[in-house]
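File shown here: input.txt, holding compact mmCIF, C-alpha atoms and all ligand atoms.
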# COMPACT_ATOMS: atom_id res chain seq x y z
CA MET V 1 -22.37 -9.68 -25.35
CA PRO V 2 -25.42 -9.10 -23.13
CA VAL V 3 -24.78 -9.12 -19.37
CA PRO V 4 -26.67 -11.94 -17.62
CA ILE V 5 -28.66 -10.25 -14.89
CA ARG V 6 -31.08 -12.02 -12.62
CA GLN V 7 -34.57 -10.72 -13.10
CA VAL V 8 -35.71 -8.70 -10.10
CA GLU V 9 -39.36 -9.50 -9.55
CA HIS V 10 -39.97 -7.94 -6.16
CA GLU V 11 -39.02 -4.68 -4.53
CA PRO V 12 -35.30 -5.08 -3.85
CA GLU V 13 -34.01 -5.55 -0.31
CA VAL V 14 -31.08 -3.59 1.11
CA PHE V 15 -28.76 -6.40 0.00
CA PRO V 16 -29.10 -8.70 -3.01
CA LEU V 17 -29.01 -12.44 -2.33
CA LEU V 18 -25.64 -13.49 -3.68
CA THR V 19 -24.85 -16.92 -5.05
CA ARG V 20 -21.58 -18.65 -4.36
CA SER V 21 -20.51 -18.13 -7.96
CA GLU V 22 -21.20 -14.41 -7.68
CA VAL V 23 -19.05 -14.19 -4.56
CA ASP V 24 -16.37 -16.27 -6.29
CA ALA V 25 -16.46 -13.86 -9.23
CA THR V 26 -14.91 -11.24 -6.93
CA ARG V 27 -11.85 -13.40 -6.18
CA THR V 28 -8.77 -12.02 -7.89
CA SER V 29 -8.22 -15.37 -9.61
CA ALA V 30 -11.66 -15.12 -11.23
CA TRP V 31 -11.28 -11.64 -12.73
CA TYR V 32 -7.53 -11.15 -13.10
CA GLU V 33 -7.10 -12.52 -16.61
CA THR V 34 -9.98 -10.47 -18.02
CA PHE V 35 -8.74 -7.24 -16.44
CA GLU V 36 -4.99 -7.88 -16.51
CA ASP V 37 -4.22 -4.79 -18.59
CA LEU V 38 -6.28 -2.55 -16.30
CA THR V 39 -5.07 -3.67 -12.91
CA ILE V 40 -1.88 -4.02 -10.86
CA PRO V 41 0.33 -6.92 -11.99
CA SER V 42 -0.30 -9.85 -9.65
CA ARG V 43 0.57 -13.51 -9.14
CA ILE V 44 -2.04 -15.88 -7.81
CA ILE V 45 -0.82 -18.94 -5.95
CA ASP V 46 -3.39 -21.74 -5.74
CA LEU V 47 -2.30 -23.74 -2.71
CA GLU V 48 -4.06 -26.93 -3.79
CA THR V 49 -2.37 -26.96 -7.19
CA LEU V 50 0.91 -26.33 -5.40
CA GLY V 51 0.22 -29.39 -3.23
CA GLU V 52 0.70 -27.47 0.02
CA GLU V 53 -2.84 -26.48 0.98
CA GLU V 54 -3.08 -28.84 3.93
CA ALA V 55 0.35 -27.92 5.25
CA PHE V 56 -0.51 -24.23 4.89
CA ARG V 57 -3.79 -24.65 6.79
CA ASP V 58 -1.97 -26.57 9.54
CA TRP V 59 0.53 -23.77 9.89
CA LEU V 60 -2.10 -21.01 9.75
CA ASN V 61 -4.38 -22.74 12.26
CA GLY V 62 -1.53 -23.69 14.59
CA ASP V 63 -1.32 -21.87 17.91
CA SER V 64 2.32 -20.98 17.55
CA ILE V 65 3.79 -18.00 15.76
CA PHE V 66 6.59 -20.02 14.17
CA LEU V 67 7.17 -19.26 10.53
CA PRO V 68 7.57 -21.97 7.90
CA GLN V 69 11.09 -23.26 7.42
CA ASP V 70 13.43 -21.20 5.20
CA SER V 71 11.02 -18.35 4.76
CA GLU V 72 13.45 -15.72 5.94
CA ASN V 73 16.16 -14.39 3.66
CA VAL V 74 19.51 -16.16 3.85
CA SER V 75 21.21 -13.21 5.55
CA SER V 76 18.79 -13.40 8.46
CA ILE V 77 18.62 -17.18 8.92
CA SER V 78 21.62 -17.22 11.24
CA SER V 79 19.80 -14.91 13.61
CA SER V 80 16.82 -17.21 13.96
CA SER V 81 16.67 -20.22 16.18
CA PHE V 82 16.56 -22.62 13.22
CA ASP V 83 19.73 -24.42 12.24
CA ALA V 84 20.69 -25.31 8.68
CA THR V 85 19.34 -28.85 8.88
CA GLY V 86 15.84 -27.71 9.51
CA SER V 87 15.66 -28.76 13.11
CA ASN V 88 15.54 -26.10 15.76
CA SER V 89 17.00 -25.74 19.14
CA ASP V 90 13.86 -26.49 21.14
CA SER V 91 10.70 -28.49 20.65
CA ALA V 92 8.96 -25.84 18.56
CA PRO V 93 6.87 -27.12 15.68
CA VAL V 94 8.53 -27.03 12.26
CA TYR V 95 6.44 -26.22 9.19
CA HIS V 96 7.56 -26.99 5.66
CA LEU V 97 6.15 -25.02 2.75
CA PRO V 98 9.08 -25.12 0.28
CA LYS V 99 7.03 -24.67 -2.89
CA LEU V 100 5.13 -21.75 -1.43
CA ASN V 101 8.42 -20.17 -0.31
CA THR V 102 9.72 -20.46 -3.86
CA ALA V 103 6.51 -19.11 -5.42
CA ILE V 104 6.55 -16.08 -3.08
CA ARG V 105 10.25 -15.43 -3.74
CA THR V 106 9.69 -15.66 -7.50
CA ALA V 107 6.85 -13.12 -7.32
CA ILE V 108 8.88 -10.75 -5.13
CA GLN V 109 11.72 -10.92 -7.62
CA ALA V 110 9.41 -10.44 -10.62
CA PHE V 111 7.87 -7.35 -9.03
CA GLY V 112 11.13 -5.61 -8.22
CA GLY V 113 11.67 -6.70 -4.63
CA SER V 114 8.35 -6.30 -2.83
CA VAL V 115 4.73 -7.45 -2.90
CA PHE V 116 1.37 -6.56 -1.38
CA PRO V 117 -0.23 -9.83 -0.14
CA LYS V 118 -3.86 -10.97 0.05
CA LEU V 119 -5.45 -14.27 0.95
CA ASN V 120 -8.55 -15.07 -1.08
CA TRP V 121 -10.59 -11.82 -0.99
CA THR V 122 -8.77 -10.07 1.75
CA ALA V 123 -5.59 -8.14 2.54
CA PRO V 124 -4.27 -8.54 6.11
CA ARG V 125 -4.58 -4.78 6.68
CA ASP V 126 -5.24 -5.25 10.39
CA ALA V 127 -1.78 -6.81 10.78
CA ALA V 128 0.22 -4.24 8.82
CA PHE V 129 1.80 -2.90 12.00
CA ILE V 130 3.63 -6.16 12.65
CA ILE V 131 6.29 -5.65 10.00
CA PRO V 132 8.59 -2.64 10.28
CA GLN V 133 7.56 0.10 7.86
CA THR V 134 10.52 1.44 5.98
CA GLU V 135 10.61 2.08 2.25
CA GLY V 136 7.13 1.22 1.17
CA GLY V 137 4.05 1.57 3.25
CA PRO V 138 1.63 -0.80 4.92
CA LEU V 139 2.08 -4.47 4.03
CA TYR V 140 5.30 -3.91 2.13
CA CYS V 141 6.62 -7.49 2.02
CA LYS V 142 10.15 -8.25 0.91
CA THR V 143 10.50 -11.89 2.01
CA PRO V 144 8.22 -14.93 2.35
CA ALA V 145 8.61 -14.45 6.13
CA ASP V 146 7.03 -10.96 5.85
CA VAL V 147 4.10 -12.46 3.95
CA TYR V 148 3.65 -15.26 6.48
CA LEU V 149 3.93 -12.91 9.42
CA VAL V 150 1.16 -10.56 8.25
CA LEU V 151 -1.11 -13.44 7.21
CA LYS V 152 -0.62 -15.18 10.54
CA SER V 153 -1.24 -11.99 12.53
CA SER V 154 -4.42 -10.98 10.72
CA ASP V 155 -7.97 -11.60 11.92
CA PHE V 156 -9.35 -10.30 8.65
CA ILE V 157 -8.00 -13.06 6.45
CA SER V 158 -9.62 -15.77 8.54
CA HIS V 159 -13.02 -14.41 7.43
CA GLY V 160 -12.20 -15.50 3.90
CA LEU V 161 -11.49 -19.07 5.02
CA ASP V 162 -14.73 -19.58 6.90
CA TYR V 163 -17.45 -20.87 4.56
CA ALA V 164 -20.34 -19.14 6.33
CA ARG V 165 -18.64 -15.77 6.17
CA ALA V 166 -17.03 -16.21 2.79
CA TYR V 167 -20.28 -16.96 0.96
CA ALA V 168 -22.78 -15.03 3.08
CA SER V 169 -25.14 -12.50 1.60
CA GLY V 170 -26.51 -9.42 3.28
CA SER V 171 -25.50 -8.33 6.73
CA SER V 172 -23.27 -10.22 9.13
CA ASP V 173 -25.96 -10.45 11.80
CA LEU V 174 -28.37 -12.02 9.34
CA VAL V 175 -26.37 -14.50 7.31
CA GLU V 176 -28.28 -15.58 4.25
CA TYR V 177 -27.30 -17.96 1.50
CA ALA V 178 -28.68 -18.41 -1.93
CA VAL V 179 -30.58 -21.73 -2.02
CA GLU V 180 -27.90 -23.44 -4.10
CA ASP V 181 -25.30 -22.78 -1.40
CA GLN V 182 -27.06 -24.09 1.66
CA GLN V 183 -26.01 -27.68 1.22
CA ASN V 184 -22.34 -26.67 0.83
CA GLU V 185 -22.07 -24.95 4.17
CA THR V 186 -19.50 -27.37 5.55
CA GLU V 187 -17.19 -27.22 2.55
CA GLU V 188 -13.75 -25.73 2.86
CA VAL V 189 -13.03 -22.54 1.02
CA PRO V 190 -10.13 -23.01 -1.42
CA VAL V 191 -7.01 -21.06 -0.41
CA GLU V 192 -5.35 -18.66 -2.83
CA ILE V 193 -2.55 -16.29 -2.01
CA VAL V 194 -2.51 -13.19 -4.19
CA LEU V 195 0.74 -11.26 -4.45
CA LYS V 196 0.41 -7.87 -6.09
CA LYS V 197 3.24 -5.64 -7.22
CA TYR V 198 3.65 -3.10 -4.45
CA ILE V 199 2.44 0.35 -5.53
CA GLN V 200 2.72 3.40 -3.32
CA MET V 201 -0.79 4.73 -3.55
CA ILE V 202 -1.94 8.22 -2.76
CA PRO V 203 -5.07 7.70 -0.64
CA SER V 204 -7.02 10.65 -2.09
CA ARG V 205 -6.99 8.95 -5.50
CA GLU V 206 -8.69 5.79 -4.30
CA TRP V 207 -12.43 5.38 -4.96
CA ARG V 208 -15.02 2.72 -4.17
CA CYS V 209 -17.86 2.21 -6.69
CA PHE V 210 -21.24 0.59 -5.99
CA VAL V 211 -23.13 -1.30 -8.72
CA ARG V 212 -26.58 -2.75 -8.05
CA ASP V 213 -28.68 -4.52 -10.67
CA ASP V 214 -26.36 -3.23 -13.38
CA VAL V 215 -26.66 0.42 -12.32
CA LEU V 216 -23.59 2.36 -11.13
CA LEU V 217 -25.25 3.99 -8.14
CA GLY V 218 -22.49 5.68 -6.22
CA VAL V 219 -18.82 6.45 -5.86
CA SER V 220 -17.21 7.19 -2.49
CA GLN V 221 -13.81 8.40 -1.42
CA ARG V 222 -11.98 5.32 -0.14
CA ASP V 223 -9.86 7.26 2.31
CA THR V 224 -12.32 9.33 4.31
CA ASN V 225 -10.14 12.35 5.01
CA PHE V 226 -10.83 15.89 3.88
CA TYR V 227 -9.04 16.83 0.65
CA ASP V 228 -9.22 20.43 -0.44
CA PHE V 229 -8.61 19.76 -4.14
CA LEU V 230 -11.66 17.46 -4.28
CA GLN V 231 -14.00 20.32 -3.30
CA ASP V 232 -13.64 21.89 -6.72
CA SER V 233 -16.64 21.14 -8.96
CA ASP V 234 -14.43 20.46 -11.99
CA ALA V 235 -12.47 17.93 -9.95
CA LYS V 236 -15.70 16.20 -8.92
CA ARG V 237 -16.90 16.17 -12.52
CA GLN V 238 -13.59 14.63 -13.64
CA VAL V 239 -13.81 11.89 -11.04
CA ILE V 240 -17.37 11.02 -12.03
CA ASP V 241 -16.66 11.10 -15.77
CA ALA V 242 -13.51 9.00 -15.52
CA ILE V 243 -15.15 6.37 -13.35
CA ARG V 244 -18.43 6.23 -15.27
CA ASP V 245 -16.57 5.85 -18.60
CA PHE V 246 -14.33 3.17 -17.11
CA TRP V 247 -17.32 1.24 -15.79
CA GLU V 248 -19.26 1.52 -19.04
CA ASP V 249 -16.34 0.78 -21.35
CA GLU V 250 -14.35 -1.74 -19.37
CA VAL V 251 -16.22 -3.27 -16.47
CA ARG V 252 -19.92 -3.55 -17.23
CA LEU V 253 -19.72 -5.87 -20.20
CA ASN V 254 -16.67 -7.79 -19.03
CA PHE V 255 -17.55 -8.62 -15.44
CA THR V 256 -20.17 -11.03 -16.64
CA THR V 257 -20.07 -13.43 -13.71
CA GLY V 258 -20.74 -10.80 -11.06
CA GLY V 259 -24.52 -11.07 -11.38
CA GLY V 260 -25.06 -7.32 -11.85
CA SER V 261 -24.53 -6.34 -8.17
CA TYR V 262 -20.96 -5.80 -7.00
CA ILE V 263 -18.57 -3.20 -5.63
CA PHE V 264 -15.30 -2.32 -7.28
CA ASP V 265 -12.34 -0.18 -6.22
CA VAL V 266 -10.28 1.99 -8.52
CA TYR V 267 -7.25 4.28 -8.42
CA LEU V 268 -7.14 7.47 -10.50
CA SER V 269 -4.04 9.01 -12.04
CA ALA V 270 -2.99 12.51 -10.91
CA ASP V 271 -4.71 14.10 -13.92
CA MET V 272 -7.78 11.91 -13.27
CA THR V 273 -7.81 10.48 -16.78
CA ARG V 274 -6.41 7.00 -16.21
CA VAL V 275 -8.22 4.47 -14.07
CA THR V 276 -6.61 1.40 -12.53
CA LEU V 277 -8.80 -1.38 -11.22
CA ILE V 278 -7.81 -2.38 -7.68
CA ASP V 279 -10.39 -4.93 -6.60
CA PHE V 280 -13.90 -6.38 -6.88
CA ASN V 281 -15.92 -6.99 -3.70
CA PRO V 282 -19.24 -8.69 -3.00
CA TYR V 283 -22.25 -6.37 -2.60
CA ARG V 284 -22.85 -7.10 1.07
CA ASN V 285 -22.34 -5.67 4.53
CA SER V 286 -18.79 -6.99 4.91
CA THR V 287 -17.72 -4.53 2.21
CA ASP V 288 -17.41 -1.13 3.88
CA PRO V 289 -19.89 1.32 2.27
CA LEU V 290 -17.60 4.18 3.41
CA LEU V 291 -19.45 7.51 2.99
CA PHE V 292 -22.69 5.79 1.97
CA THR V 293 -24.98 3.52 3.92
CA TYR V 294 -26.49 0.51 2.18
CA GLU V 295 -29.96 1.89 2.93
CA GLU V 296 -29.02 5.07 1.11
CA LEU V 297 -27.73 3.09 -1.86
CA LEU V 298 -31.04 1.24 -1.97
CA SER V 299 -32.97 4.51 -2.01
CA ILE V 300 -30.80 5.71 -4.91
CA LEU V 301 -31.65 2.51 -6.79
CA LEU V 302 -35.37 2.87 -6.08
CA ALA V 303 -35.36 6.52 -7.13
CA HIS V 304 -33.52 5.57 -10.30
CA ARG V 305 -36.15 2.96 -11.08
CA ARG V 306 -38.98 5.37 -10.45
CA ARG V 307 -37.27 7.90 -12.64
CA SER V 308 -36.90 5.36 -15.39
CA ARG V 309 -40.67 4.76 -15.27
CA GLN V 310 -41.77 8.36 -14.75
CA SER V 311 -39.46 11.32 -14.53
CA SER V 312 -39.12 11.78 -10.75
CA PRO V 313 -36.15 13.44 -8.99
CA LEU V 314 -33.83 11.82 -6.45
CA PRO V 315 -34.91 11.73 -2.81
CA TYR V 316 -34.41 14.93 -0.84
CA GLY V 317 -30.84 15.32 0.29
CA LEU V 318 -29.37 13.20 -2.48
CA ALA V 319 -30.11 15.40 -5.48
CA GLU V 320 -27.62 18.06 -4.47
CA LEU V 321 -24.89 15.45 -4.21
CA SER V 322 -25.32 14.47 -7.81
CA SER V 323 -23.55 15.92 -10.78
CA ASP V 324 -26.60 17.97 -11.88
CA ALA V 325 -27.64 20.07 -8.95
CA ALA V 326 -31.13 20.72 -10.30
CA GLY V 327 -31.92 17.04 -9.91
CA LEU V 328 -34.00 17.07 -13.09
CA HIS V 329 -31.52 15.29 -15.28
CA VAL V 330 -29.67 13.50 -12.53
CA ARG V 331 -27.08 11.17 -13.90
CA LEU V 332 -25.72 8.47 -11.74
CA PRO V 333 -23.37 7.79 -10.03
CA ILE V 334 -23.76 9.95 -6.97
CA LEU V 335 -20.32 11.08 -5.80
CA LYS V 336 -19.62 11.32 -2.09
CA ILE V 337 -16.62 13.12 -0.69
CA VAL V 338 -15.79 14.50 2.74
CA GLU V 339 -16.83 18.12 2.38
CA SER V 340 -15.44 19.68 5.50
CA ALA V 341 -12.36 19.20 7.63
CA SER V 342 -14.69 19.17 10.65
CA ASP V 343 -16.70 16.22 9.28
CA PRO V 344 -16.59 13.41 11.88
CA GLU V 345 -15.42 11.03 9.13
CA ALA V 346 -12.37 13.25 8.59
CA ASN V 347 -11.56 13.46 12.26
CA ARG V 348 -10.88 9.97 13.37
CA THR V 349 -8.25 10.10 16.05
CA THR V 350 -7.89 6.34 16.44
CA PRO V 351 -5.60 4.64 13.94
CA ALA V 352 -7.28 2.22 11.55
CA PHE V 353 -7.83 -1.27 13.00
CA ALA V 354 -6.78 -0.11 16.46
CA GLY V 355 -8.89 -2.91 17.90
CA ASN V 356 -6.68 -5.44 16.16
CA MET V 357 -3.44 -4.04 17.46
CA MET V 358 -1.26 -5.66 20.07
CA PRO V 359 -0.09 -3.81 23.15
CA LEU V 360 2.58 -1.22 22.51
CA ASP V 361 5.33 -3.22 24.12
CA VAL V 362 4.75 -6.10 21.69
CA MET V 363 4.86 -3.67 18.78
CA ALA V 364 8.05 -2.15 20.08
CA LEU V 365 9.55 -5.61 20.32
CA SER V 366 8.76 -6.32 16.67
CA GLN V 367 10.32 -3.13 15.31
CA GLY V 368 13.37 -3.72 13.14
CA ARG V 369 13.44 -7.44 13.85
CA ASN V 370 12.94 -10.39 11.57
CA MET V 371 10.80 -13.24 12.82
CA GLY V 372 13.70 -15.16 14.35
CA GLU V 373 14.92 -12.10 16.21
CA PHE V 374 11.37 -11.19 17.23
CA LYS V 375 10.84 -14.70 18.59
CA ASP V 376 14.10 -14.54 20.57
CA ALA V 377 13.26 -11.09 21.92
CA TRP V 378 9.74 -12.23 22.79
CA GLU V 379 10.99 -15.28 24.66
CA GLU V 380 13.58 -13.21 26.48
CA ALA V 381 10.93 -10.67 27.46
CA LEU V 382 8.66 -13.47 28.66
CA ALA V 383 11.47 -15.03 30.69
CA ARG V 384 12.27 -11.62 32.19
CA GLY V 385 8.58 -11.21 33.01
CA MET V 386 8.54 -14.63 34.69
CA ASP V 387 11.63 -13.69 36.73
CA ASP V 388 9.98 -10.44 37.77
CA VAL V 389 6.86 -12.32 38.81
CA SER V 390 8.80 -14.89 40.84
CA SER V 391 10.94 -12.23 42.55
CA ASP V 392 7.71 -10.33 43.38
CA ASP V 393 6.40 -13.56 44.88
CA ASP V 394 9.55 -13.94 46.93
CA GLU V 395 9.13 -10.50 48.48
N1 LIG E 1 -0.61 -3.41 -4.86
C1 LIG E 1 -0.71 -2.60 -3.81
N2 LIG E 1 0.37 -1.98 -3.30
C2 LIG E 1 0.28 -1.18 -2.21
N3 LIG E 1 -0.86 -0.91 -1.57
C3 LIG E 1 -1.99 -1.50 -2.05
C4 LIG E 1 -1.97 -2.38 -3.17
N4 LIG E 1 -3.23 -2.82 -3.40
C5 LIG E 1 -3.99 -2.23 -2.46
N5 LIG E 1 -3.26 -1.43 -1.65
C6 LIG E 1 -3.75 -0.62 -0.52
O1 LIG E 1 -4.37 -1.45 0.41
C7 LIG E 1 -5.75 -1.11 0.56
C8 LIG E 1 -6.57 -2.39 0.63
O2 LIG E 1 -6.39 -3.13 -0.55
P1 LIG E 1 -7.55 -4.07 -1.09
O3 LIG E 1 -8.73 -3.24 -1.44
O4 LIG E 1 -6.99 -4.91 -2.18
O5 LIG E 1 -7.83 -4.94 0.21
P2 LIG E 1 -9.18 -5.64 0.66
O6 LIG E 1 -8.84 -6.58 1.75
O7 LIG E 1 -9.87 -6.20 -0.53
O8 LIG E 1 -10.03 -4.42 1.28
P3 LIG E 1 -11.61 -4.41 1.49
O9 LIG E 1 -11.91 -5.41 2.55
O10 LIG E 1 -11.91 -2.99 1.92
O11 LIG E 1 -12.24 -4.75 0.19
C9 LIG E 1 -6.08 -0.23 -0.65
O12 LIG E 1 -7.06 0.72 -0.32
C10 LIG E 1 -4.76 0.40 -0.96
O13 LIG E 1 -4.58 1.57 -0.17
MG MG E 2 -11.60 -5.81 -1.46

Translate the structure described by the file into structure tokens.
Amino acid sequence: MPVPIRQVEHEPEVFPLLTRSEVDATRTSAWYETFEDLTIPSRIIDLETLGEEEAFRDWLNGDSIFLPQDSENVSSISSSSFDATGSNSDSAPVYHLPKLNTAIRTAIQAFGGSVFPKLNWTAPRDAAFIIPQTEGGPLYCKTPADVYLVLKSSDFISHGLDYARAYASGSSDLVEYAVEDQQNETEEVPVEIVLKKYIQMIPSREWRCFVRDDVLLGVSQRDTNFYDFLQDSDAKRQVIDAIRDFWEDEVRLNFTTGGGSYIFDVYLSADMTRVTLIDFNPYRNSTDPLLFTYEELLSILLAHRRRSRQSSPLPYGLAELSSDAAGLHVRLPILKIVESASDPEANRTTPAFAGNMMPLDVMALSQGRNMGEFKDAWEEALARGMDDVSSDDDE
């Protein structure tokens, strides 16, 4: 089946103008069925169908950090401030999301006891620190309360609920919409919770792949650390071959609603022969270009077009990154890896999302505690702080 691609009449800009349906094509719910055999098993919970979308929004938008009723596991309920009748000891708001609780518990059970949560397009990676990390890794959620806690603590997920951000094209400082979307600007973005089976991933095997106008332009390491084994030219060749074959055989003709410009993430097996699809992302600034810049990706596209018309090599500086060093028979994609341990990309000293973190004392308070315990500890700490303040005043 031919891929429907919008005709490009003018010189392309750094970013394509995306339509709402092209952005929606990158939602897990839009592509999951088509790629089910190639991706991580997932459950998608449509809050509207569940009948709890409004209640969920109320809870998410509420100022408090109270978790919905009965979201903690039975063994921990006694330690929270909620009693068995659903009322609590003070005037704290009470949120009821019983169907969502059940849907999350069912998914956790189906996937062997843990899930990796997302809301619409986005994982709450900036809030991973809020739940204690034990067996799994970041965002290892074992109860509905874990899922709620990371969603509530994340700034990232709110981007996917704001219409202007959710359906924007281009760069965040210059929000553009395709014409068909302008009149919808005030609409609410539907809420979907995606629960993926938790997989312990090895960061060096994660890759991000950039497709523009139906051309696989580039592939970048997703985790921008230096990995010695990736310096080997055979290893690079294997990465490129595996990803190019996967795109040509599995993605290109099946991701028909993506409009020809999109970014997808994959995970390679240890022997680099098997490829697992992790995610699709819109081709726009909000998707991190990692070791590329979007300007660079545009120049690769333009060079590719020129080469298709007349046989011209890639721009200076890019040819040597490609699989054929001579640049005469350059085959895309261009692979980018961190090539030296002294590369600034490989030497970040700040932890990821440091700007989203809470002060250390709040983190320390959350360690090893469920939400009820955390709330009690938090209130106690606040009360202690108030006492300290008033005794200071008395002095
Ligand atoms: N099922 C999973 N189990 C455990 N970890 C996962 C799982 N899926 C993804 N991850 C990890 O979380 C990271 C982010 O996941 P994902 O790409 O789905 O989030 P995202 O919000 O779409 O990110 P981005 O905004 O960069 O597109 C991945 O790079 C991977 O390391
Ligand atoms: Mg993504």

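The spacing separating CA of Gly62 in chain V from CA of Asp162 in chain V amounts to 15.8 Å.
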
When the cut-off is 8 Å and you count only C-alpha atoms and all ligand atoms, which residues lie near ligand MG 2 (chain E), shown as a list in words?
Trp121, Thr122, Ala123, Phe264, Asp265, Asp279, Phe280, Asn281 and Thr287 of chain V

With distances taken over only C-alpha atoms, which of V:Glu72, V:Phe56, V:Arg212, V:Val219 is nearest to Ile240 in chain V?
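Closest to Ile240 in chain V of all the choices is V:Val219.
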
List every residue of chain V that has an atom at most 9 Å from any atom of ligand LIG 1 (chain E), and for each one report the closest atom pair and its distance in Å to one decimal, counting all atoms listed in the file, with rows sorted by chain and then by increasing residue number, as CSV.
residue,atom,partner,partner_atom,distance
V:Ile40,CA,E:LIG1,N1,6.2
V:Pro41,CA,E:LIG1,N1,8.0
V:Ser42,CA,E:LIG1,N1,8.0
V:Val115,CA,E:LIG1,N1,7.0
V:Phe116,CA,E:LIG1,N2,5.1
V:Pro117,CA,E:LIG1,N1,8.0
V:Lys118,CA,E:LIG1,O6,6.9
V:Leu119,CA,E:LIG1,O6,8.4
V:Asn120,CA,E:LIG1,O6,9.0
V:Trp121,CA,E:LIG1,O7,5.7
V:Thr122,CA,E:LIG1,O6,3.5
V:Ala123,CA,E:LIG1,O6,3.7
V:Pro124,CA,E:LIG1,O6,6.6
V:Arg125,CA,E:LIG1,O6,6.8
V:Gly136,CA,E:LIG1,C2,8.0
V:Gly137,CA,E:LIG1,C2,7.2
V:Pro138,CA,E:LIG1,N3,7.0
V:Leu139,CA,E:LIG1,N3,7.3
V:Tyr140,CA,E:LIG1,C2,7.2
V:Phe156,CA,E:LIG1,O6,7.9
V:Ile157,CA,E:LIG1,O6,8.0
V:Leu195,CA,E:LIG1,N1,8.0
V:Lys196,CA,E:LIG1,N1,4.7
V:Lys197,CA,E:LIG1,N1,5.0
V:Tyr198,CA,E:LIG1,N2,3.7
V:Ile199,CA,E:LIG1,N2,3.8
V:Gln200,CA,E:LIG1,C2,5.3
V:Met201,CA,E:LIG1,N3,6.0
V:Ile202,CA,E:LIG1,O13,7.6
V:Pro203,CA,E:LIG1,O13,6.2
V:Glu206,CA,E:LIG1,O12,6.6
V:Trp207,CA,E:LIG1,O12,8.5
V:Arg208,CA,E:LIG1,O10,8.9
V:Arg222,CA,E:LIG1,O12,6.7
V:Asp223,CA,E:LIG1,O12,7.6
V:Ile263,CA,E:LIG1,O11,8.7
V:Phe264,CA,E:LIG1,O11,8.4
V:Asp265,CA,E:LIG1,O3,6.7
V:Val266,CA,E:LIG1,O12,8.9
V:Tyr267,CA,E:LIG1,C10,8.8
V:Ile278,CA,E:LIG1,O4,6.1
V:Asp279,CA,E:LIG1,O4,5.6
V:Phe280,CA,E:LIG1,O11,7.4
V:Asn281,CA,E:LIG1,O11,5.8
V:Pro282,CA,E:LIG1,O11,8.6
V:Ser286,CA,E:LIG1,O9,7.4
V:Thr287,CA,E:LIG1,O11,5.8
V:Asp288,CA,E:LIG1,O10,6.1

Distance CA of Glu11 in chain V-CA of Val251 in chain V, one decimal place?
25.8 Å

Work out how far apart CA of Leu97 in chain V and CA of Val194 in chain V are and give it in Å to one decimal.
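So the answer is 16.2 Å.
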
Contacts of Ile45 in chain V at 12 Å (all atoms listed in the file; same-chain gap of 3+ positions) as a PDB file with C-alpha atoms, keeping the file's coordinate frame:
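Output file out.pdb is given in full below:
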ATOM      1  CA  THR V  28      -8.770 -12.020  -7.890  1.00  0.00           C
ATOM      2  CA  SER V  29      -8.220 -15.370  -9.610  1.00  0.00           C
ATOM      3  CA  SER V  42      -0.300  -9.850  -9.650  1.00  0.00           C
ATOM      4  CA  GLU V  48      -4.060 -26.930  -3.790  1.00  0.00           C
ATOM      5  CA  THR V  49      -2.370 -26.960  -7.190  1.00  0.00           C
ATOM      6  CA  LEU V  50       0.910 -26.330  -5.400  1.00  0.00           C
ATOM      7  CA  GLY V  51       0.220 -29.390  -3.230  1.00  0.00           C
ATOM      8  CA  GLU V  52       0.700 -27.470   0.020  1.00  0.00           C
ATOM      9  CA  GLU V  53      -2.840 -26.480   0.980  1.00  0.00           C
ATOM     10  CA  LYS V  99       7.030 -24.670  -2.890  1.00  0.00           C
ATOM     11  CA  LEU V 100       5.130 -21.750  -1.430  1.00  0.00           C
ATOM     12  CA  ASN V 101       8.420 -20.170  -0.310  1.00  0.00           C
ATOM     13  CA  THR V 102       9.720 -20.460  -3.860  1.00  0.00           C
ATOM     14  CA  ALA V 103       6.510 -19.110  -5.420  1.00  0.00           C
ATOM     15  CA  ILE V 104       6.550 -16.080  -3.080  1.00  0.00           C
ATOM     16  CA  ARG V 105      10.250 -15.430  -3.740  1.00  0.00           C
ATOM     17  CA  THR V 106       9.690 -15.660  -7.500  1.00  0.00           C
ATOM     18  CA  ALA V 107       6.850 -13.120  -7.320  1.00  0.00           C
ATOM     19  CA  PRO V 117      -0.230  -9.830  -0.140  1.00  0.00           C
ATOM     20  CA  LYS V 118      -3.860 -10.970   0.050  1.00  0.00           C
ATOM     21  CA  LEU V 119      -5.450 -14.270   0.950  1.00  0.00           C
ATOM     22  CA  ASN V 120      -8.550 -15.070  -1.080  1.00  0.00           C
ATOM     23  CA  PRO V 190     -10.130 -23.010  -1.420  1.00  0.00           C
ATOM     24  CA  VAL V 191      -7.010 -21.060  -0.410  1.00  0.00           C
ATOM     25  CA  GLU V 192      -5.350 -18.660  -2.830  1.00  0.00           C
ATOM     26  CA  ILE V 193      -2.550 -16.290  -2.010  1.00  0.00           C
ATOM     27  CA  VAL V 194      -2.510 -13.190  -4.190  1.00  0.00           C
ATOM     28  CA  LEU V 195       0.740 -11.260  -4.450  1.00  0.00           C
ATOM     29  CA  LYS V 196       0.410  -7.870  -6.090  1.00  0.00           C
TER      30      LYS V 196
END
